[in-house]
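Source file run_25.tsv; content: TSV, C-alpha atoms.
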```tsv
chain	number	residue	atom	x	y	z
P	1	MET	CA	17.46	-22.55	9.39
P	2	GLU	CA	21.18	-22.15	10.04
P	3	ASN	CA	22.71	-18.83	11.02
P	4	ASN	CA	25.86	-19.15	8.95
P	5	PRO	CA	27.59	-16.03	7.64
P	6	ALA	CA	26.20	-14.89	4.29
P	7	PRO	CA	28.07	-16.04	1.17
P	8	THR	CA	31.08	-13.97	0.17
P	9	GLY	CA	32.13	-12.76	-3.26
P	10	ARG	CA	29.16	-10.41	-3.82
P	11	ASN	CA	27.73	-7.28	-2.28
P	12	LEU	CA	25.85	-7.77	0.97
P	13	ILE	CA	23.56	-5.48	2.97
P	14	ASN	CA	24.95	-3.99	6.16
P	15	LYS	CA	23.17	-5.63	9.10
P	16	ALA	CA	22.08	-2.30	10.63
P	17	THR	CA	20.76	-1.19	7.22
P	18	PHE	CA	18.76	-4.39	6.88
P	19	ARG	CA	17.18	-4.02	10.32
P	20	ARG	CA	16.34	-0.37	9.71
P	21	ASN	CA	14.76	-0.86	6.28
P	22	PHE	CA	12.84	-4.07	6.93
P	23	ARG	CA	11.31	-2.86	10.22
P	24	ASN	CA	8.23	-1.37	8.59
P	25	LYS	CA	8.59	2.39	8.98
P	26	HIS	CA	7.50	4.61	6.12
P	27	LYS	CA	10.65	6.74	6.17
P	28	ASN	CA	12.72	3.76	5.09
P	29	GLN	CA	13.95	2.91	1.60
P	30	THR	CA	12.90	0.09	-0.69
P	31	TYR	CA	15.39	-2.76	-0.62
P	32	LEU	CA	14.90	-5.65	-3.03
P	33	CYS	CA	16.77	-8.92	-2.48
P	34	TYR	CA	16.52	-11.20	-5.49
P	35	GLU	CA	17.13	-14.78	-6.56
P	36	VAL	CA	16.80	-16.46	-9.95
P	37	GLU	CA	15.88	-20.11	-10.49
P	38	VAL	CA	15.79	-22.10	-13.71
P	39	TRP	CA	13.53	-25.09	-14.37
P	40	LYS	CA	15.95	-27.99	-14.83
P	41	ASP	CA	15.53	-31.75	-14.56
P	42	GLY	CA	11.97	-31.39	-13.29
P	43	LYS	CA	12.72	-28.92	-10.49
P	44	TRP	CA	13.64	-25.31	-9.78
P	45	THR	CA	17.40	-24.84	-9.43
P	46	LYS	CA	18.96	-21.62	-8.09
P	47	VAL	CA	21.41	-19.78	-10.32
P	48	LYS	CA	23.85	-18.49	-7.69
P	49	LYS	CA	25.48	-15.86	-9.88
P	50	TYR	CA	22.10	-14.16	-10.26
P	51	GLN	CA	21.56	-13.43	-6.58
P	52	GLY	CA	21.90	-10.06	-4.88
P	53	PHE	CA	20.00	-6.90	-3.99
P	54	ARG	CA	18.92	-3.57	-5.43
P	55	ARG	CA	17.64	-0.48	-3.66
P	56	LYS	CA	15.96	2.79	-4.42
P	57	LEU	CA	18.63	5.45	-4.72
P	58	THR	CA	18.37	9.03	-3.52
P	59	TYR	CA	18.71	12.04	-5.79
P	60	LYS	CA	22.14	12.81	-4.32
P	61	GLU	CA	23.58	9.43	-5.30
P	62	PRO	CA	25.26	8.58	-8.63
P	63	ARG	CA	23.06	8.71	-11.71
P	64	HIS	CA	21.20	5.60	-12.76
P	65	LYS	CA	19.82	4.59	-16.16
P	66	GLU	CA	16.87	6.65	-17.34
P	67	SER	CA	14.73	3.50	-17.47
P	68	CYS	CA	15.01	3.24	-13.69
P	69	TRP	CA	13.12	6.51	-13.26
P	70	LEU	CA	9.42	7.28	-13.53
P	71	VAL	CA	7.91	10.51	-14.85
P	72	ASP	CA	4.66	11.76	-13.32
P	73	ASN	CA	1.83	13.66	-15.03
P	74	ASN	CA	3.60	16.96	-14.35
P	75	GLY	CA	6.80	15.81	-16.03
P	76	ARG	CA	8.68	15.38	-12.77
P	77	ARG	CA	11.16	12.50	-12.57
P	78	ARG	CA	10.87	10.14	-9.61
P	79	GLY	CA	13.21	7.36	-8.59
P	80	PRO	CA	15.40	5.62	-9.50
P	81	TYR	CA	13.41	2.64	-8.26
P	82	ALA	CA	14.72	-0.71	-7.06
P	83	GLU	CA	12.14	-2.64	-9.10
P	84	LEU	CA	13.05	-0.90	-12.36
P	85	SER	CA	16.76	-1.19	-11.59
P	86	PHE	CA	16.31	-4.96	-11.33
P	87	LEU	CA	14.45	-5.11	-14.64
P	88	ASP	CA	17.39	-3.36	-16.33
P	89	LEU	CA	19.77	-5.81	-14.68
P	90	PHE	CA	17.67	-8.79	-15.75
P	91	GLN	CA	17.62	-7.66	-19.37
P	92	SER	CA	21.42	-7.35	-19.32
P	93	TRP	CA	21.75	-11.05	-18.50
P	94	ASN	CA	20.25	-12.09	-21.85
P	95	LEU	CA	18.89	-15.35	-20.44
P	96	ASP	CA	17.71	-18.10	-22.78
P	97	ARG	CA	14.07	-17.39	-23.65
P	98	GLY	CA	13.64	-21.07	-24.41
P	99	ARG	CA	13.94	-21.92	-20.71
P	100	GLN	CA	11.65	-21.18	-17.76
P	101	TYR	CA	12.85	-18.88	-14.98
P	102	ARG	CA	11.41	-18.00	-11.58
P	103	LEU	CA	12.33	-14.72	-9.92
P	104	THR	CA	11.94	-14.37	-6.16
P	105	TRP	CA	12.01	-10.94	-4.56
P	106	TYR	CA	12.20	-10.20	-0.84
P	107	MET	CA	11.25	-6.52	-0.50
P	108	SER	CA	11.12	-4.07	2.37
P	109	TRP	CA	8.02	-2.58	0.67
P	110	SER	CA	5.54	-3.93	-1.85
P	111	PRO	CA	5.94	-2.38	-5.32
P	112	TYR	CA	5.06	1.28	-5.83
P	113	PRO	CA	1.87	1.53	-7.97
P	114	ASP	CA	3.60	2.82	-11.11
P	115	CYS	CA	6.35	0.23	-10.71
P	116	ALA	CA	3.65	-2.43	-10.43
P	117	GLN	CA	2.40	-1.41	-13.88
P	118	LYS	CA	5.93	-1.74	-15.30
P	119	LEU	CA	6.15	-5.21	-13.77
P	120	VAL	CA	2.83	-6.17	-15.34
P	121	GLU	CA	4.19	-5.11	-18.72
P	122	PHE	CA	7.43	-7.02	-18.11
P	123	LEU	CA	5.59	-10.24	-17.26
P	124	GLY	CA	3.37	-9.82	-20.31
P	125	GLU	CA	6.43	-9.56	-22.54
P	126	ASN	CA	8.30	-12.42	-20.88
P	127	SER	CA	6.10	-15.51	-20.69
P	128	HIS	CA	9.16	-17.60	-19.76
P	129	VAL	CA	9.45	-15.72	-16.44
P	130	THR	CA	7.38	-15.98	-13.27
P	131	LEU	CA	7.68	-13.67	-10.27
P	132	ARG	CA	7.23	-14.20	-6.54
P	133	ILE	CA	7.22	-11.17	-4.25
P	134	PHE	CA	7.54	-11.40	-0.48
P	135	ALA	CA	7.15	-7.95	1.09
P	136	ALA	CA	7.86	-6.91	4.66
P	137	ASP	CA	5.16	-4.24	4.41
P	138	ILE	CA	2.60	-2.82	2.00
P	139	HIS	CA	3.39	0.46	0.26
P	140	SER	CA	0.12	2.20	1.10
P	141	LEU	CA	1.07	5.89	1.04
P	142	CYS	CA	0.31	6.37	-2.67
P	143	SER	CA	-3.16	6.22	-4.20
P	144	GLY	CA	-3.79	3.23	-6.41
P	145	TYR	CA	-1.59	0.82	-4.47
P	146	GLU	CA	-4.41	-1.71	-4.07
P	147	ASP	CA	-5.15	-1.72	-7.79
P	148	GLY	CA	-1.45	-2.10	-8.54
P	149	LEU	CA	-1.20	-5.21	-6.37
P	150	ARG	CA	-4.32	-6.71	-7.95
P	151	LYS	CA	-2.91	-6.09	-11.43
P	152	LEU	CA	0.27	-7.89	-10.42
P	153	ARG	CA	-1.80	-10.81	-9.14
P	154	ASP	CA	-3.70	-10.93	-12.42
P	155	ALA	CA	-0.37	-10.89	-14.32
P	156	ARG	CA	0.63	-14.19	-12.64
P	157	ALA	CA	2.81	-12.66	-9.93
P	158	GLN	CA	2.61	-14.35	-6.53
P	159	LEU	CA	2.32	-11.89	-3.63
P	160	ALA	CA	2.85	-12.59	0.06
P	161	ILE	CA	3.95	-10.94	3.30
P	162	MET	CA	7.36	-11.97	4.58
P	163	THR	CA	7.28	-14.31	7.56
P	164	ARG	CA	9.93	-14.58	10.25
P	165	ASP	CA	11.45	-17.52	8.34
P	166	GLU	CA	11.81	-15.42	5.19
P	167	LEU	CA	13.32	-12.51	7.11
P	168	GLN	CA	15.78	-14.94	8.66
P	169	TYR	CA	16.57	-16.38	5.23
P	170	CYS	CA	17.37	-12.89	3.96
P	171	TRP	CA	19.54	-12.27	7.01
P	172	VAL	CA	21.54	-15.42	6.26
P	173	THR	CA	21.68	-14.99	2.49
P	174	PHE	CA	21.85	-11.27	1.70
P	175	VAL	CA	23.21	-9.60	4.85
P	176	ASP	CA	26.77	-9.17	6.08
P	177	ASN	CA	25.63	-10.67	9.38
P	178	GLN	CA	29.15	-11.43	10.66
P	179	GLY	CA	27.94	-14.74	12.08
P	180	GLN	CA	25.28	-13.11	14.26
P	181	PRO	CA	21.85	-14.81	14.42
P	182	PHE	CA	18.72	-13.10	13.21
P	183	ARG	CA	16.86	-11.47	16.09
P	184	PRO	CA	13.24	-10.52	15.38
P	185	TRP	CA	12.17	-7.07	16.46
P	186	PRO	CA	9.28	-6.33	18.86
P	187	ASN	CA	5.72	-6.81	17.56
P	188	LEU	CA	6.96	-8.66	14.45
P	189	VAL	CA	4.49	-11.54	14.85
P	190	GLU	CA	1.57	-9.14	15.26
P	191	HIS	CA	2.75	-7.06	12.29
P	192	ILE	CA	2.95	-10.12	10.02
P	193	LYS	CA	-0.53	-11.26	11.03
P	194	THR	CA	-2.01	-7.80	10.39
P	195	LYS	CA	-0.34	-7.33	7.02
P	196	LYS	CA	-1.26	-10.82	5.83
P	197	GLN	CA	-4.91	-10.02	6.45
P	198	GLU	CA	-4.53	-6.61	4.77
P	199	LEU	CA	-3.02	-8.20	1.66
P	200	LYS	CA	-5.72	-10.89	1.64
P	201	ASP	CA	-8.41	-8.21	1.76
P	202	ILE	CA	-6.78	-6.30	-1.12
P	203	LEU	CA	-6.35	-9.30	-3.38
P	204	GLY	CA	-9.78	-10.66	-2.52
P	205	ASN	CA	-11.45	-7.46	-3.70
P	206	GLN	CA	-12.22	-7.75	-7.40
P	207	GLY	CA	-13.75	-4.28	-7.63
P	208	ASN	CA	-12.05	-1.08	-8.72
```
What does the file become when written as structure tokens?
Amino acid sequence: MENNPAPTGRNLINKATFRRNFRNKHKNQTYLCYEVEVWKDGKWTKVKKYQGFRRKLTYKEPRHKESCWLVDNNGRRRGPYAELSFLDLFQSWNLDRGRQYRLTWYMSWSPYPDCAQKLVEFLGENSHVTLRIFAADIHSLCSGYEDGLRKLRDARAQLAIMTRDELQYCWVTFVDNQGQPFRPWPNLVEHIKTKKQELKDILGNQGN
């Protein structure tokens, strides 16, 4: 894959920010790079204007739509979440429901359990949309994360761990890389192997 500078004319991720947030440390934020394809002339065709990234914002940042937040059992608001921010963005596009679309997400973390449920509902309400998620790591700090991933699988979402090729693709496509090549970080190959097996074990478990 070529190491050309990322396309201009849209927001790009700072290269240091990308490295920090896709290097699999739990203190990092969720970044979600997205692409949209439409089924046309017997093949999937990318819609370039629907390509970009979302991220989980902090409480100190500008307010986001209420639908990007989650409310826990104690009434506390959490978020706003990158996954829910994308769903709001997608709805604003008003795409033709008579056509088939494929969404591809490259995420620094797999979906948070409550976000996974929102995604399940979204896919159930939008049969013309399919979703592929490539995650750099599995969000395992919250209880119920395994069940959330299995529900996504059952809702037709495709789940996988990002490989070096996919990280490089993100570097080329979504990062202000300034012409610099993607350089994998130490232990990346081992990390990918471990997380692939972890995801396989989660999705292969049909129990509760």
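Note that atom CA of P:Val38 and atom CA of P:Asp96 are 10.1 Å apart.
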Worksheet item: Hey, can you check how far atom CA of P:Ser143 sits from atom CA of P:Ser127?
Response: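 Atom CA of P:Ser127 lies 28.8 Å from atom CA of P:Ser143.
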Practice prompt. Go through P:Gly179, P:Pro113, P:Gly124, P:Gly42 and flag the residue nearest P:Lys15, using all atoms listed in the file for the distances.
Written response: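 With all atoms listed in the file as the atom set, the closest residue is P:Gly179.
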Using only the atoms of stretch 178-184 of chain P listed in the file, plus 4 Å on each side, state the axis-aligned box centre and edge lengths in Å rounded to one decimal, as JSON.
```
{"center_x": 21.2, "center_y": -12.7, "center_z": 13.4, "size_x": 23.9, "size_y": 12.3, "size_z": 13.4}
```
Discussion item. Which residues are near P:Arg23? Cut-off 9 Å, only C-alpha atoms, ignore same chain within fewer than 2 positions. Put them as a PyMOL selection string.
Written reply: chain P and resi 18-21+25+28+108+136-137+185+188
Worksheet item: Contacts of P:Leu167 at 9 Å or less, counting all atoms listed in the file, minus same-chain residues fewer than 3 places along, as a list in words?
Response: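 Contacts, in chain order: Phe22, Tyr106, Ala136, Met162, Thr163, Arg164, Cys170, Trp171, Val172, Phe182 and Pro184 of chain P.
Note that atom CA of P:Ile192 and atom CA of P:Gly144 are 22.2 Å apart.
Closest approach to P:Thr194 among P:Ile161, P:Arg132, P:Leu87, P:Arg99: P:Ile161, based on only C-alpha atoms.
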Worksheet item: Which residue gives the smallest distance to P:Arg156 among P:Glu37, P:Glu121, P:Asp176, P:Glu190, with only C-alpha atoms counted?
Response: P:Glu121
Response to the item:
Counting all atoms listed in the file, closest pick from P:Tyr101, P:Phe122, P:Trp39, P:Tyr34 relative to P:Leu152 is P:Phe122
Practice prompt. Write out as a ChimeraX atom specification which residues come within 6 Å of P:Arg55 when counting all atoms listed in the file, dropping same-chain ones fewer than 5 positions away.
Written response: /P:30-32,82
Can those selected residues be exported to a file as a PDB file, in the frame of the given file so that it contains C-alpha atoms?
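Output file selection-v8.pdb is given in full below:
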```pdb
ATOM      1  CA  THR P  30      12.900   0.090  -0.690  1.00  0.00           C
ATOM      2  CA  TYR P  31      15.390  -2.760  -0.620  1.00  0.00           C
ATOM      3  CA  LEU P  32      14.900  -5.650  -3.030  1.00  0.00           C
ATOM      4  CA  ALA P  82      14.720  -0.710  -7.060  1.00  0.00           C
TER       5      ALA P  82
END
```
Discussion item. Given only C-alpha atoms as the basis, pick out the residue of P:Pro186, P:Pro111, P:Pro181, P:Gly148 nearest to P:Ile133.
Written reply: P:Pro111
Worksheet, complete the sentence: Closest of P:Arg54, P:Lys48, P:Arg183, P:Arg102 to P:Phe86, counting all atoms listed in the file, is P:Arg54
Worksheet item: Leaving out P:Leu123 and any residue of its chain fewer than 5 positions from it, which residues lie within 8 Å of it when counting all atoms listed in the file, given as a PyMOL selection string?
Response: chain P and resi 129-130+155-156
